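S.K.: Below is the file data.csv, which contains CSV, N, CA and C atoms.
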```csv
chain,number,residue,atom,x,y,z
A,251,MET,N,-24.8,15.5,-35.4
A,251,MET,CA,-26.1,15.1,-35.8
A,251,MET,C,-26.5,16.1,-36.9
A,252,MET,N,-27.1,15.6,-38.0
A,252,MET,CA,-27.4,16.5,-39.1
A,252,MET,C,-29.0,16.7,-39.0
A,253,ARG,N,-29.4,17.9,-39.3
A,253,ARG,CA,-30.8,18.2,-39.3
A,253,ARG,C,-31.1,19.1,-40.5
A,254,ALA,N,-32.3,18.9,-41.0
A,254,ALA,CA,-32.7,19.8,-42.0
A,254,ALA,C,-33.3,21.1,-41.4
A,255,LEU,N,-32.9,22.2,-42.0
A,255,LEU,CA,-33.3,23.5,-41.5
A,255,LEU,C,-33.8,24.3,-42.7
A,256,ARG,N,-34.9,24.9,-42.4
A,256,ARG,CA,-35.5,25.7,-43.5
A,256,ARG,C,-35.0,27.1,-43.3
A,257,VAL,N,-34.4,27.6,-44.3
A,257,VAL,CA,-33.8,29.0,-44.3
A,257,VAL,C,-34.5,29.8,-45.3
A,258,ARG,N,-34.9,31.1,-44.9
A,258,ARG,CA,-35.6,32.0,-45.8
A,258,ARG,C,-34.6,32.9,-46.4
A,259,ARG,N,-34.7,33.2,-47.6
A,259,ARG,CA,-33.9,34.2,-48.3
A,259,ARG,C,-34.6,35.5,-48.2
A,260,SER,N,-33.9,36.5,-48.6
A,260,SER,CA,-34.4,37.8,-48.5
A,260,SER,C,-35.7,38.1,-49.3
A,261,ARG,N,-35.9,37.4,-50.3
A,261,ARG,CA,-37.1,37.6,-51.2
A,261,ARG,C,-38.3,36.6,-50.8
A,262,GLY,N,-38.1,35.9,-49.6
A,262,GLY,CA,-39.2,35.1,-49.2
A,262,GLY,C,-39.1,33.7,-49.7
A,263,ALA,N,-38.2,33.3,-50.5
A,263,ALA,CA,-38.1,31.9,-51.0
A,263,ALA,C,-37.4,31.1,-49.9
A,264,ALA,N,-38.0,29.9,-49.6
A,264,ALA,CA,-37.5,29.0,-48.6
A,264,ALA,C,-36.6,28.0,-49.3
A,265,ILE,N,-35.5,27.8,-48.6
A,265,ILE,CA,-34.5,26.8,-49.1
A,265,ILE,C,-34.2,25.8,-48.0
A,266,ASN,N,-34.2,24.5,-48.3
A,266,ASN,CA,-33.9,23.5,-47.4
A,266,ASN,C,-32.3,23.4,-47.3
A,267,ALA,N,-31.7,23.4,-46.2
A,267,ALA,CA,-30.3,23.3,-46.0
A,267,ALA,C,-30.0,22.4,-44.9
A,268,LEU,N,-28.9,21.7,-45.0
A,268,LEU,CA,-28.4,20.8,-43.9
A,268,LEU,C,-27.5,21.6,-43.0
A,269,VAL,N,-27.7,21.6,-41.7
A,269,VAL,CA,-26.9,22.2,-40.7
A,269,VAL,C,-26.2,21.2,-39.9
A,270,GLU,N,-24.8,21.2,-39.9
A,270,GLU,CA,-24.0,20.3,-39.2
A,270,GLU,C,-23.6,20.8,-37.9
A,271,GLY,N,-23.5,19.9,-36.8
A,271,GLY,CA,-23.0,20.4,-35.5
A,271,GLY,C,-23.7,19.6,-34.4
A,272,PHE,N,-23.3,19.9,-33.2
A,272,PHE,CA,-23.9,19.3,-32.0
A,272,PHE,C,-24.8,20.2,-31.3
A,273,THR,N,-25.8,19.7,-30.7
A,273,THR,CA,-26.7,20.5,-29.9
A,273,THR,C,-26.1,20.7,-28.5
A,274,MET,N,-26.6,21.7,-27.8
A,274,MET,CA,-26.1,22.0,-26.5
A,274,MET,C,-26.2,20.8,-25.5
A,275,ILE,N,-27.3,20.1,-25.6
A,275,ILE,CA,-27.5,18.9,-24.8
A,275,ILE,C,-26.5,17.9,-25.0
A,276,GLU,N,-26.1,17.6,-26.3
A,276,GLU,CA,-25.1,16.6,-26.6
A,276,GLU,C,-23.8,17.0,-26.1
A,277,VAL,N,-23.4,18.3,-26.1
A,277,VAL,CA,-22.2,18.8,-25.6
A,277,VAL,C,-22.1,18.6,-24.1
A,278,LEU,N,-23.2,19.0,-23.4
A,278,LEU,CA,-23.3,18.8,-21.9
A,278,LEU,C,-23.2,17.4,-21.5
A,279,VAL,N,-23.8,16.5,-22.2
A,279,VAL,CA,-23.7,15.0,-21.9
A,279,VAL,C,-22.3,14.6,-22.1
A,280,ALA,N,-21.7,15.0,-23.1
A,280,ALA,CA,-20.3,14.6,-23.4
A,280,ALA,C,-19.4,15.1,-22.3
A,281,LEU,N,-19.6,16.4,-21.9
A,281,LEU,CA,-18.8,16.9,-20.8
A,281,LEU,C,-19.0,16.2,-19.5
A,282,ALA,N,-20.2,15.8,-19.2
A,282,ALA,CA,-20.5,15.1,-18.0
A,282,ALA,C,-19.8,13.7,-18.0
A,283,ILE,N,-19.8,13.0,-19.1
A,283,ILE,CA,-19.1,11.7,-19.2
A,283,ILE,C,-17.6,11.9,-19.0
A,284,ILE,N,-17.1,12.9,-19.6
A,284,ILE,CA,-15.6,13.2,-19.4
A,284,ILE,C,-15.3,13.6,-17.9
A,285,ALA,N,-16.2,14.3,-17.3
A,285,ALA,CA,-16.0,14.7,-15.9
A,285,ALA,C,-16.0,13.5,-15.0
A,286,VAL,N,-16.9,12.6,-15.2
A,286,VAL,CA,-17.0,11.3,-14.4
A,286,VAL,C,-15.8,10.5,-14.6
A,287,ALA,N,-15.3,10.4,-15.9
A,287,ALA,CA,-14.1,9.6,-16.2
A,287,ALA,C,-12.9,10.2,-15.5
A,288,LEU,N,-12.8,11.5,-15.5
A,288,LEU,CA,-11.6,12.2,-14.9
A,288,LEU,C,-11.7,12.0,-13.4
A,289,ALA,N,-12.9,12.1,-12.8
A,289,ALA,CA,-13.0,11.9,-11.3
A,289,ALA,C,-12.6,10.5,-10.9
A,290,ALA,N,-13.0,9.5,-11.7
A,290,ALA,CA,-12.6,8.1,-11.4
A,290,ALA,C,-11.1,8.0,-11.6
A,291,SER,N,-10.5,8.6,-12.5
A,291,SER,CA,-9.0,8.4,-12.7
A,291,SER,C,-8.3,9.1,-11.6
A,292,LEU,N,-8.8,10.3,-11.1
A,292,LEU,CA,-8.1,10.9,-9.9
A,292,LEU,C,-8.3,10.1,-8.7
A,293,ARG,N,-9.4,9.4,-8.5
A,293,ARG,CA,-9.6,8.6,-7.3
A,293,ARG,C,-8.6,7.4,-7.4
A,294,ALA,N,-8.4,6.8,-8.6
A,294,ALA,CA,-7.5,5.7,-8.8
A,294,ALA,C,-6.1,6.1,-8.5
A,295,VAL,N,-5.7,7.3,-9.0
A,295,VAL,CA,-4.3,7.8,-8.7
A,295,VAL,C,-4.1,8.0,-7.2
A,296,GLY,N,-5.1,8.6,-6.5
A,296,GLY,CA,-5.0,8.8,-5.1
A,296,GLY,C,-4.9,7.5,-4.4
A,297,SER,N,-5.6,6.5,-4.8
A,297,SER,CA,-5.5,5.1,-4.2
A,297,SER,C,-4.1,4.5,-4.4
A,298,LEU,N,-3.6,4.7,-5.6
A,298,LEU,CA,-2.2,4.2,-5.9
A,298,LEU,C,-1.2,4.9,-5.0
A,299,ALA,N,-1.3,6.2,-4.8
A,299,ALA,CA,-0.4,6.9,-4.0
A,299,ALA,C,-0.4,6.4,-2.5
A,300,THR,N,-1.6,6.2,-2.0
A,300,THR,CA,-1.8,5.6,-0.6
A,300,THR,C,-1.2,4.2,-0.5
A,301,GLY,N,-1.5,3.4,-1.5
A,301,GLY,CA,-1.0,2.0,-1.6
A,301,GLY,C,0.5,2.0,-1.6
A,302,GLU,N,1.1,2.9,-2.3
A,302,GLU,CA,2.6,3.0,-2.5
A,302,GLU,C,3.2,3.4,-1.1
A,303,ALA,N,2.6,4.3,-0.4
A,303,ALA,CA,3.1,4.7,0.9
A,303,ALA,C,3.1,3.5,1.9
A,304,ASP,N,1.9,2.8,1.9
A,304,ASP,CA,1.8,1.6,2.7
A,304,ASP,C,2.8,0.5,2.4
A,305,LEU,N,3.0,0.3,1.1
A,305,LEU,CA,4.0,-0.7,0.6
A,305,LEU,C,5.4,-0.3,1.1
A,306,HIS,N,5.7,1.0,1.0
A,306,HIS,CA,7.0,1.5,1.4
A,306,HIS,C,7.3,1.2,2.9
A,307,GLN,N,6.2,1.5,3.7
A,307,GLN,CA,6.4,1.2,5.1
A,307,GLN,C,6.5,-0.2,5.4
A,308,ARG,N,5.8,-1.1,4.7
A,308,ARG,CA,5.9,-2.5,4.9
A,308,ARG,C,7.3,-3.0,4.5
A,309,LEU,N,7.8,-2.5,3.4
A,309,LEU,CA,9.2,-2.9,3.0
A,309,LEU,C,10.2,-2.5,4.1
A,310,LEU,N,10.2,-1.3,4.6
A,310,LEU,CA,11.1,-0.9,5.6
A,310,LEU,C,10.9,-1.7,6.9
A,311,ALA,N,9.7,-2.0,7.2
A,311,ALA,CA,9.4,-2.9,8.4
A,311,ALA,C,10.0,-4.3,8.2
A,312,GLY,N,9.9,-4.8,7.0
A,312,GLY,CA,10.4,-6.1,6.7
A,312,GLY,C,12.0,-6.1,6.9
A,313,TRP,N,12.6,-5.0,6.4
A,313,TRP,CA,14.0,-4.9,6.5
A,313,TRP,C,14.4,-4.9,8.0
A,314,SER,N,13.6,-4.1,8.8
A,314,SER,CA,13.9,-4.0,10.2
A,314,SER,C,13.8,-5.4,10.9
A,315,ALA,N,12.8,-6.1,10.6
A,315,ALA,CA,12.6,-7.5,11.1
A,315,ALA,C,13.8,-8.4,10.7
A,316,ASP,N,14.2,-8.3,9.4
A,316,ASP,CA,15.3,-9.1,9.0
A,316,ASP,C,16.6,-8.8,9.7
A,317,ASN,N,16.8,-7.5,9.9
A,317,ASN,CA,18.0,-7.0,10.6
A,317,ASN,C,18.0,-7.5,12.1
A,318,ALA,N,16.9,-7.4,12.7
A,318,ALA,CA,16.8,-7.8,14.1
A,318,ALA,C,17.1,-9.3,14.3
A,319,LEU,N,16.5,-10.1,13.4
A,319,LEU,CA,16.7,-11.6,13.4
A,319,LEU,C,18.2,-11.9,13.0
A,320,ALA,N,18.7,-11.2,12.1
A,320,ALA,CA,20.1,-11.5,11.7
A,320,ALA,C,21.1,-11.1,12.9
A,321,GLN,N,20.8,-10.1,13.6
A,321,GLN,CA,21.6,-9.7,14.8
A,321,GLN,C,21.5,-10.8,15.8
A,322,LEU,N,20.3,-11.4,16.0
A,322,LEU,CA,20.1,-12.4,17.0
A,322,LEU,C,20.9,-13.7,16.6
A,323,HIS,N,20.9,-14.0,15.3
A,323,HIS,CA,21.6,-15.2,14.8
A,323,HIS,C,23.1,-15.0,14.9
A,324,LEU,N,23.6,-13.8,14.6
A,324,LEU,CA,25.0,-13.5,14.6
A,324,LEU,C,25.6,-13.3,16.0
A,325,ALA,N,24.7,-13.0,17.0
A,325,ALA,CA,25.2,-12.8,18.4
A,325,ALA,C,25.6,-14.1,19.0
A,326,HIS,N,25.2,-15.2,18.5
A,326,HIS,CA,25.5,-16.6,19.0
A,326,HIS,C,25.2,-16.7,20.5
A,327,THR,N,24.1,-16.0,21.0
A,327,THR,CA,23.7,-16.1,22.4
A,327,THR,C,22.4,-16.9,22.5
A,328,TRP,N,22.1,-17.4,23.6
A,328,TRP,CA,20.9,-18.1,23.9
A,328,TRP,C,19.9,-17.2,24.4
A,329,PRO,N,18.8,-16.9,23.6
A,329,PRO,CA,17.8,-15.8,24.0
A,329,PRO,C,17.0,-16.3,25.2
A,330,ASP,N,16.7,-15.4,26.1
A,330,ASP,CA,15.8,-15.8,27.3
A,330,ASP,C,14.4,-15.8,26.8
A,331,VAL,N,13.6,-16.7,27.4
A,331,VAL,CA,12.2,-16.8,27.1
A,331,VAL,C,11.5,-15.5,27.6
A,332,GLY,N,10.6,-14.9,26.8
A,332,GLY,CA,9.9,-13.7,27.2
A,332,GLY,C,9.7,-12.8,26.1
A,333,THR,N,9.2,-11.6,26.4
A,333,THR,CA,8.9,-10.6,25.4
A,333,THR,C,9.6,-9.3,25.7
A,334,GLN,N,10.2,-8.7,24.6
A,334,GLN,CA,10.9,-7.4,24.8
A,334,GLN,C,10.6,-6.6,23.6
A,335,SER,N,10.5,-5.3,23.7
A,335,SER,CA,10.3,-4.3,22.6
A,335,SER,C,11.5,-3.4,22.6
A,336,PHE,N,11.8,-3.0,21.4
A,336,PHE,CA,13.0,-2.1,21.2
A,336,PHE,C,12.7,-1.3,19.9
A,337,ASP,N,13.4,-0.2,19.8
A,337,ASP,CA,13.3,0.7,18.6
A,337,ASP,C,14.1,0.1,17.5
A,338,CYS,N,13.5,0.0,16.3
A,338,CYS,CA,14.2,-0.5,15.1
A,338,CYS,C,13.8,0.3,13.9
A,339,SER,N,13.9,1.6,14.1
A,339,SER,CA,13.6,2.6,13.0
A,339,SER,C,14.4,2.4,11.8
A,340,GLN,N,13.8,2.8,10.7
A,340,GLN,CA,14.5,2.8,9.4
A,340,GLN,C,14.4,4.2,8.8
A,341,GLY,N,15.5,4.9,8.6
A,341,GLY,CA,15.4,6.2,8.0
A,341,GLY,C,14.6,7.1,8.9
A,342,ASN,N,13.6,7.8,8.3
A,342,ASN,CA,12.8,8.7,9.1
A,342,ASN,C,11.5,8.0,9.5
A,343,LEU,N,11.3,6.7,9.3
A,343,LEU,CA,10.1,6.0,9.8
A,343,LEU,C,10.4,5.3,11.1
A,344,GLN,N,9.7,5.8,12.1
A,344,GLN,CA,9.9,5.2,13.5
A,344,GLN,C,9.2,3.9,13.6
A,345,LEU,N,9.9,2.8,14.0
A,345,LEU,CA,9.3,1.5,14.1
A,345,LEU,C,9.7,0.9,15.4
A,346,ILE,N,8.8,0.1,15.9
A,346,ILE,CA,9.0,-0.6,17.2
A,346,ILE,C,9.0,-2.1,16.9
A,347,CYS,N,10.0,-2.8,17.3
A,347,CYS,CA,10.1,-4.3,17.1
A,347,CYS,C,9.8,-4.9,18.4
A,348,THR,N,8.9,-5.9,18.4
A,348,THR,CA,8.6,-6.7,19.6
A,348,THR,C,9.0,-8.1,19.3
A,349,GLU,N,9.9,-8.6,20.2
A,349,GLU,CA,10.5,-10.0,20.1
A,349,GLU,C,9.9,-10.9,21.2
A,350,HIS,N,9.3,-11.9,20.7
A,350,HIS,CA,8.7,-12.9,21.7
A,350,HIS,C,9.4,-14.2,21.5
A,351,VAL,N,10.1,-14.6,22.6
A,351,VAL,CA,10.9,-15.8,22.6
A,351,VAL,C,10.1,-16.9,23.4
A,352,SER,N,9.9,-18.0,22.8
A,352,SER,CA,9.2,-19.1,23.5
A,352,SER,C,10.0,-20.4,23.4
A,353,ALA,N,9.8,-21.3,24.3
A,353,ALA,CA,10.4,-22.6,24.3
A,353,ALA,C,9.8,-23.5,23.3
A,354,THR,N,10.5,-24.5,22.8
A,354,THR,CA,10.0,-25.5,21.9
A,354,THR,C,10.1,-26.8,22.5
A,355,PRO,N,9.4,-27.8,21.9
A,355,PRO,CA,9.5,-29.2,22.5
A,355,PRO,C,10.9,-29.7,22.6
A,356,ASN,N,11.7,-29.3,21.7
A,356,ASN,CA,13.2,-29.7,21.7
A,356,ASN,C,13.9,-28.6,22.5
A,357,PRO,N,14.5,-29.0,23.7
A,357,PRO,CA,15.1,-28.0,24.5
A,357,PRO,C,16.4,-27.3,23.9
A,358,ILE,N,16.8,-27.8,22.8
A,358,ILE,CA,18.0,-27.2,22.2
A,358,ILE,C,17.6,-25.9,21.3
A,359,PHE,N,16.3,-25.8,21.1
A,359,PHE,CA,15.9,-24.7,20.2
A,359,PHE,C,14.9,-23.8,21.0
A,360,ARG,N,14.9,-22.5,20.5
A,360,ARG,CA,13.9,-21.5,21.0
A,360,ARG,C,13.3,-20.9,19.8
A,361,ARG,N,12.0,-20.7,19.9
A,361,ARG,CA,11.2,-20.1,18.8
A,361,ARG,C,11.2,-18.5,19.0
A,362,VAL,N,11.6,-17.8,18.0
A,362,VAL,CA,11.6,-16.3,18.1
A,362,VAL,C,10.6,-15.7,17.1
A,363,GLU,N,9.6,-15.0,17.6
A,363,GLU,CA,8.7,-14.3,16.7
A,363,GLU,C,8.9,-12.8,16.9
A,364,LEU,N,9.1,-12.2,15.7
A,364,LEU,CA,9.4,-10.8,15.7
A,364,LEU,C,8.3,-10.0,15.0
A,365,SER,N,7.7,-9.1,15.6
A,365,SER,CA,6.7,-8.3,14.9
A,365,SER,C,7.1,-6.8,14.9
A,366,VAL,N,6.8,-6.1,13.8
A,366,VAL,CA,7.2,-4.7,13.7
A,366,VAL,C,5.9,-3.9,13.5
A,367,THR,N,5.8,-2.8,14.3
A,367,THR,CA,4.7,-1.9,14.3
A,367,THR,C,5.2,-0.4,14.3
A,368,THR,N,4.3,0.5,14.0
A,368,THR,CA,4.6,1.9,14.1
A,368,THR,C,3.9,2.4,15.3
A,369,PRO,N,4.5,3.3,16.1
A,369,PRO,CA,3.9,3.8,17.3
A,369,PRO,C,2.5,4.5,17.0
A,370,GLY,N,1.5,4.1,17.8
A,370,GLY,CA,0.2,4.8,17.6
A,370,GLY,C,-0.7,4.2,16.6
A,371,HIS,N,-0.2,3.2,15.8
A,371,HIS,CA,-1.0,2.5,14.8
A,371,HIS,C,-1.2,1.1,15.1
A,372,PRO,N,-2.4,0.6,15.1
A,372,PRO,CA,-2.7,-0.8,15.4
A,372,PRO,C,-2.2,-1.7,14.2
A,373,GLY,N,-1.9,-3.0,14.5
A,373,GLY,CA,-1.6,-3.9,13.5
A,373,GLY,C,-0.1,-4.0,13.2
A,374,ASN,N,0.4,-5.1,12.7
A,374,ASN,CA,1.8,-5.3,12.4
A,374,ASN,C,2.0,-4.9,10.9
A,375,LEU,N,3.2,-4.3,10.7
A,375,LEU,CA,3.6,-4.0,9.4
A,375,LEU,C,4.4,-5.2,8.8
A,376,ALA,N,5.1,-5.9,9.7
A,376,ALA,CA,5.8,-7.1,9.3
A,376,ALA,C,5.9,-8.1,10.5
A,377,GLN,N,6.0,-9.4,10.2
A,377,GLN,CA,6.1,-10.4,11.3
A,377,GLN,C,6.9,-11.5,10.7
A,378,LEU,N,8.0,-11.9,11.4
A,378,LEU,CA,8.8,-13.0,11.0
A,378,LEU,C,9.0,-13.9,12.2
A,379,VAL,N,9.2,-15.2,11.9
A,379,VAL,CA,9.4,-16.2,12.9
A,379,VAL,C,10.6,-17.1,12.5
A,380,THR,N,11.5,-17.4,13.5
A,380,THR,CA,12.6,-18.2,13.3
A,380,THR,C,12.9,-19.1,14.5
A,381,VAL,N,13.8,-20.0,14.3
A,381,VAL,CA,14.2,-20.9,15.4
A,381,VAL,C,15.7,-20.7,15.6
A,382,ILE,N,16.0,-20.5,16.9
A,382,ILE,CA,17.5,-20.3,17.2
A,382,ILE,C,17.9,-21.5,18.0
A,383,GLY,N,19.1,-22.0,17.6
A,383,GLY,CA,19.7,-23.2,18.3
A,383,GLY,C,20.6,-22.7,19.4
A,384,ASN,N,20.7,-23.5,20.4
A,384,ASN,CA,21.6,-23.2,21.6
A,384,ASN,C,23.0,-23.5,21.2
A,385,GLU,N,23.8,-22.5,20.8
A,385,GLU,CA,25.2,-22.6,20.4
A,385,GLU,C,26.1,-22.5,21.5
A,386,THR,N,25.6,-22.1,22.7
A,386,THR,CA,26.5,-21.9,23.8
A,386,THR,C,26.7,-23.3,24.5
A,387,ASN,N,25.8,-24.2,24.4
A,387,ASN,CA,25.9,-25.5,25.0
A,387,ASN,C,25.7,-26.5,23.9
A,388,ARG,N,26.8,-26.9,23.3
A,388,ARG,CA,26.7,-27.9,22.2
A,388,ARG,C,26.8,-29.3,22.8
A,389,SER,N,25.7,-29.9,23.2
A,389,SER,CA,25.7,-31.2,23.9
A,389,SER,C,25.6,-32.3,22.9
A,390,LEU,N,25.5,-32.0,21.6
A,390,LEU,CA,25.4,-33.1,20.6
A,390,LEU,C,26.8,-33.5,20.3
```
Written as structure tokens, how would this file's structure read?
M.R.:
Amino acid sequence: MMRALRVRRSRGAAINALVEGFTMIEVLVALAIIAVALAASLRAVGSLATGEADLHQRLLAGWSADNALAQLHLAHTWPDVGTQSFDCSQGNLQLICTEHVSATPNPIFRRVELSVTTPGHPGNLAQLVTVIGNETNRSL
């Protein structure tokens, strides 16, 4: 901002001069705006870091669920109706897989629902459902 300033010379003659620069208030307002913008960006970065950790856990839980269902398919056994839980950890992330087997209207198939959780935390990180055919009794 430019302002006119009246400057006195040594002999008493007044001269009008233009002084260029910012006032202290303008500098403080600019610093406040920058501080708010930096605080918002730090919050966004923190949110991204938390989201990335959750995404990583969900990815590993999905792999555990895929592995458990693949083992069930490859075993070529007829699963018993009921619920069982077992450890399905991935790396240093401890995971618990819960397998719920239920009957279907067609007696040749069983519905298998697999959910993956972390101990001490509510909610599922991953959940997969498949249908297993009875390969031990091929009546068709």
S.K.: Please compute the atom N of Val362 in chain A-atom C of His326 in chain A distance, one decimal, in Å.
M.R.: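 Separating atom N of Val362 in chain A from atom C of His326 in chain A is a distance of 13.9 Å.
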S.K.: For CA of Leu305 in chain A and CA of Leu322 in chain A, quote the distance in Å rounded to one decimal.
M.R.: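 One can read the CA of Leu305 in chain A to CA of Leu322 in chain A distance as 25.8 Å.
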S.K.: Which distance in Å separates atom N of Thr273 in chain A and CA of Ala290 in chain A, to one decimal?
M.R.: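 Straight-line distance from atom N of Thr273 in chain A to CA of Ala290 in chain A works out to 26.1 Å.
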S.K.: I'd like the contact shell of Thr348 in chain A - 8 Å cut-off, all atoms listed in the file, skipping same-chain residues fewer than 3 positions apart - returned as a list in words.
M.R.: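 What passes the distance filter is Thr333, Gln334, Ser335, Phe336, Asp337, Cys338, Leu345, Val351, Glu363, Leu364, Ser365, Val366 and Thr367 of chain A.
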S.K.: Can I get the selected residues back with N, CA and C atoms, as a JSON list (two decimals), in the frame of the given file?
M.R.:
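Listing of result_36.json after writing:
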```json
[["chain", "number", "residue", "atom", "x", "y", "z"],
["A", 333, "THR", "N", 9.20, -11.60, 26.40],
["A", 333, "THR", "CA", 8.90, -10.60, 25.40],
["A", 333, "THR", "C", 9.60, -9.30, 25.70],
["A", 334, "GLN", "N", 10.20, -8.70, 24.60],
["A", 334, "GLN", "CA", 10.90, -7.40, 24.80],
["A", 334, "GLN", "C", 10.60, -6.60, 23.60],
["A", 335, "SER", "N", 10.50, -5.30, 23.70],
["A", 335, "SER", "CA", 10.30, -4.30, 22.60],
["A", 335, "SER", "C", 11.50, -3.40, 22.60],
["A", 336, "PHE", "N", 11.80, -3.00, 21.40],
["A", 336, "PHE", "CA", 13.00, -2.10, 21.20],
["A", 336, "PHE", "C", 12.70, -1.30, 19.90],
["A", 337, "ASP", "N", 13.40, -0.20, 19.80],
["A", 337, "ASP", "CA", 13.30, 0.70, 18.60],
["A", 337, "ASP", "C", 14.10, 0.10, 17.50],
["A", 338, "CYS", "N", 13.50, 0.00, 16.30],
["A", 338, "CYS", "CA", 14.20, -0.50, 15.10],
["A", 338, "CYS", "C", 13.80, 0.30, 13.90],
["A", 345, "LEU", "N", 9.90, 2.80, 14.00],
["A", 345, "LEU", "CA", 9.30, 1.50, 14.10],
["A", 345, "LEU", "C", 9.70, 0.90, 15.40],
["A", 351, "VAL", "N", 10.10, -14.60, 22.60],
["A", 351, "VAL", "CA", 10.90, -15.80, 22.60],
["A", 351, "VAL", "C", 10.10, -16.90, 23.40],
["A", 363, "GLU", "N", 9.60, -15.00, 17.60],
["A", 363, "GLU", "CA", 8.70, -14.30, 16.70],
["A", 363, "GLU", "C", 8.90, -12.80, 16.90],
["A", 364, "LEU", "N", 9.10, -12.20, 15.70],
["A", 364, "LEU", "CA", 9.40, -10.80, 15.70],
["A", 364, "LEU", "C", 8.30, -10.00, 15.00],
["A", 365, "SER", "N", 7.70, -9.10, 15.60],
["A", 365, "SER", "CA", 6.70, -8.30, 14.90],
["A", 365, "SER", "C", 7.10, -6.80, 14.90],
["A", 366, "VAL", "N", 6.80, -6.10, 13.80],
["A", 366, "VAL", "CA", 7.20, -4.70, 13.70],
["A", 366, "VAL", "C", 5.90, -3.90, 13.50],
["A", 367, "THR", "N", 5.80, -2.80, 14.30],
["A", 367, "THR", "CA", 4.70, -1.90, 14.30],
["A", 367, "THR", "C", 5.20, -0.40, 14.30]]
```
S.K.: Find, counting only C-alpha atoms, the residue in A:Arg360, A:Leu324, A:Asp330, A:Ala318 that gets nearest to Cys347 in chain A.
M.R.: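 With only C-alpha atoms as the atom set, the closest residue is A:Ala318.
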S.K.: Please run DSSP on the backbone and report, as a list of chain:residue names, all residues within range 280-379 of chain A that come out as strand (DSSP E or B).
M.R.: A:Gly332, A:Thr333, A:Gln334, A:Ser335, A:Phe336, A:Asp337, A:Gln340, A:Leu343, A:Ile346, A:Cys347, A:Thr348, A:Glu349, A:His350, A:Val351, A:Ser352, A:Ala353, A:Phe359, A:Arg360, A:Arg361, A:Val362, A:Glu363, A:Leu364, A:Ser365, A:Val366, A:Thr367, A:Ala376, A:Gln377, A:Leu378, A:Val379
S.K.: Taking the chain letters and numbering used in this document, name the residues of chain A that DSSP puts in helix (DSSP H, G or I), as a ChimeraX atom specification.
M.R.: /A:274-325
S.K.: Kindly indicate which residue among A:Leu310, A:Leu375, A:Met274, A:Leu319 lies nearest to Gln340 in chain A, using all atoms listed in the file for the distances.
M.R.: A:Leu310
S.K.: Taking only N, CA and C atoms into account, name the residue in A:Val295, A:Val286, A:Trp328, A:Ala376 that is nearest to Ala311 in chain A.
M.R.: A:Ala376
S.K.: Find, counting only C-alpha atoms, the residue in A:Glu385, A:Asn356, A:Ala280, A:Arg308 that gets nearest to Gly373 in chain A.
M.R.: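 Checking each candidate against Gly373 in chain A, we get A:Arg308 as the closest.
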S.K.: For C-alpha atoms, please extract range 296-337 of chain A from the block and return it as a CSV table (one decimal), in the first residue's frame.
M.R.:
```csv
chain,number,residue,atom,x,y,z
A,296,GLY,CA,-2.7,-36.7,9.0
A,297,SER,CA,-6.1,-37.8,7.7
A,298,LEU,CA,-4.4,-39.3,4.6
A,299,ALA,CA,-1.9,-41.2,6.8
A,300,THR,CA,-4.7,-42.7,9.0
A,301,GLY,CA,-6.7,-43.6,5.8
A,302,GLU,CA,-3.6,-45.3,4.4
A,303,ALA,CA,-3.1,-47.4,7.5
A,304,ASP,CA,-6.8,-48.5,7.4
A,305,LEU,CA,-6.6,-49.3,3.7
A,306,HIS,CA,-3.5,-51.4,4.3
A,307,GLN,CA,-5.2,-53.4,7.1
A,308,ARG,CA,-8.3,-53.9,4.8
A,309,LEU,CA,-6.0,-55.1,2.0
A,310,LEU,CA,-4.3,-57.7,4.2
A,311,ALA,CA,-7.7,-58.8,5.6
A,312,GLY,CA,-9.0,-59.3,2.1
A,313,TRP,CA,-6.0,-61.4,1.3
A,314,SER,CA,-6.5,-63.5,4.4
A,315,ALA,CA,-10.2,-64.1,3.5
A,316,ASP,CA,-9.2,-65.0,-0.1
A,317,ASN,CA,-6.6,-67.5,1.2
A,318,ALA,CA,-9.0,-69.1,3.7
A,319,LEU,CA,-11.7,-69.6,1.0
A,320,ALA,CA,-9.1,-70.9,-1.5
A,321,GLN,CA,-7.9,-73.4,1.1
A,322,LEU,CA,-11.5,-74.5,1.5
A,323,HIS,CA,-12.0,-74.9,-2.2
A,324,LEU,CA,-8.7,-76.8,-2.6
A,325,ALA,CA,-9.4,-79.2,0.3
A,326,HIS,CA,-12.3,-80.8,-1.7
A,327,THR,CA,-14.0,-81.5,1.6
A,328,TRP,CA,-17.6,-81.0,2.6
A,329,PRO,CA,-17.7,-78.3,5.3
A,330,ASP,CA,-19.8,-78.9,8.4
A,331,VAL,CA,-22.6,-76.5,9.1
A,332,GLY,CA,-21.7,-74.2,11.9
A,333,THR,CA,-19.3,-71.4,12.9
A,334,GLN,CA,-15.6,-71.6,13.7
A,335,SER,CA,-12.9,-69.0,14.3
A,336,PHE,CA,-9.2,-69.3,13.5
A,337,ASP,CA,-6.0,-67.2,13.3
```
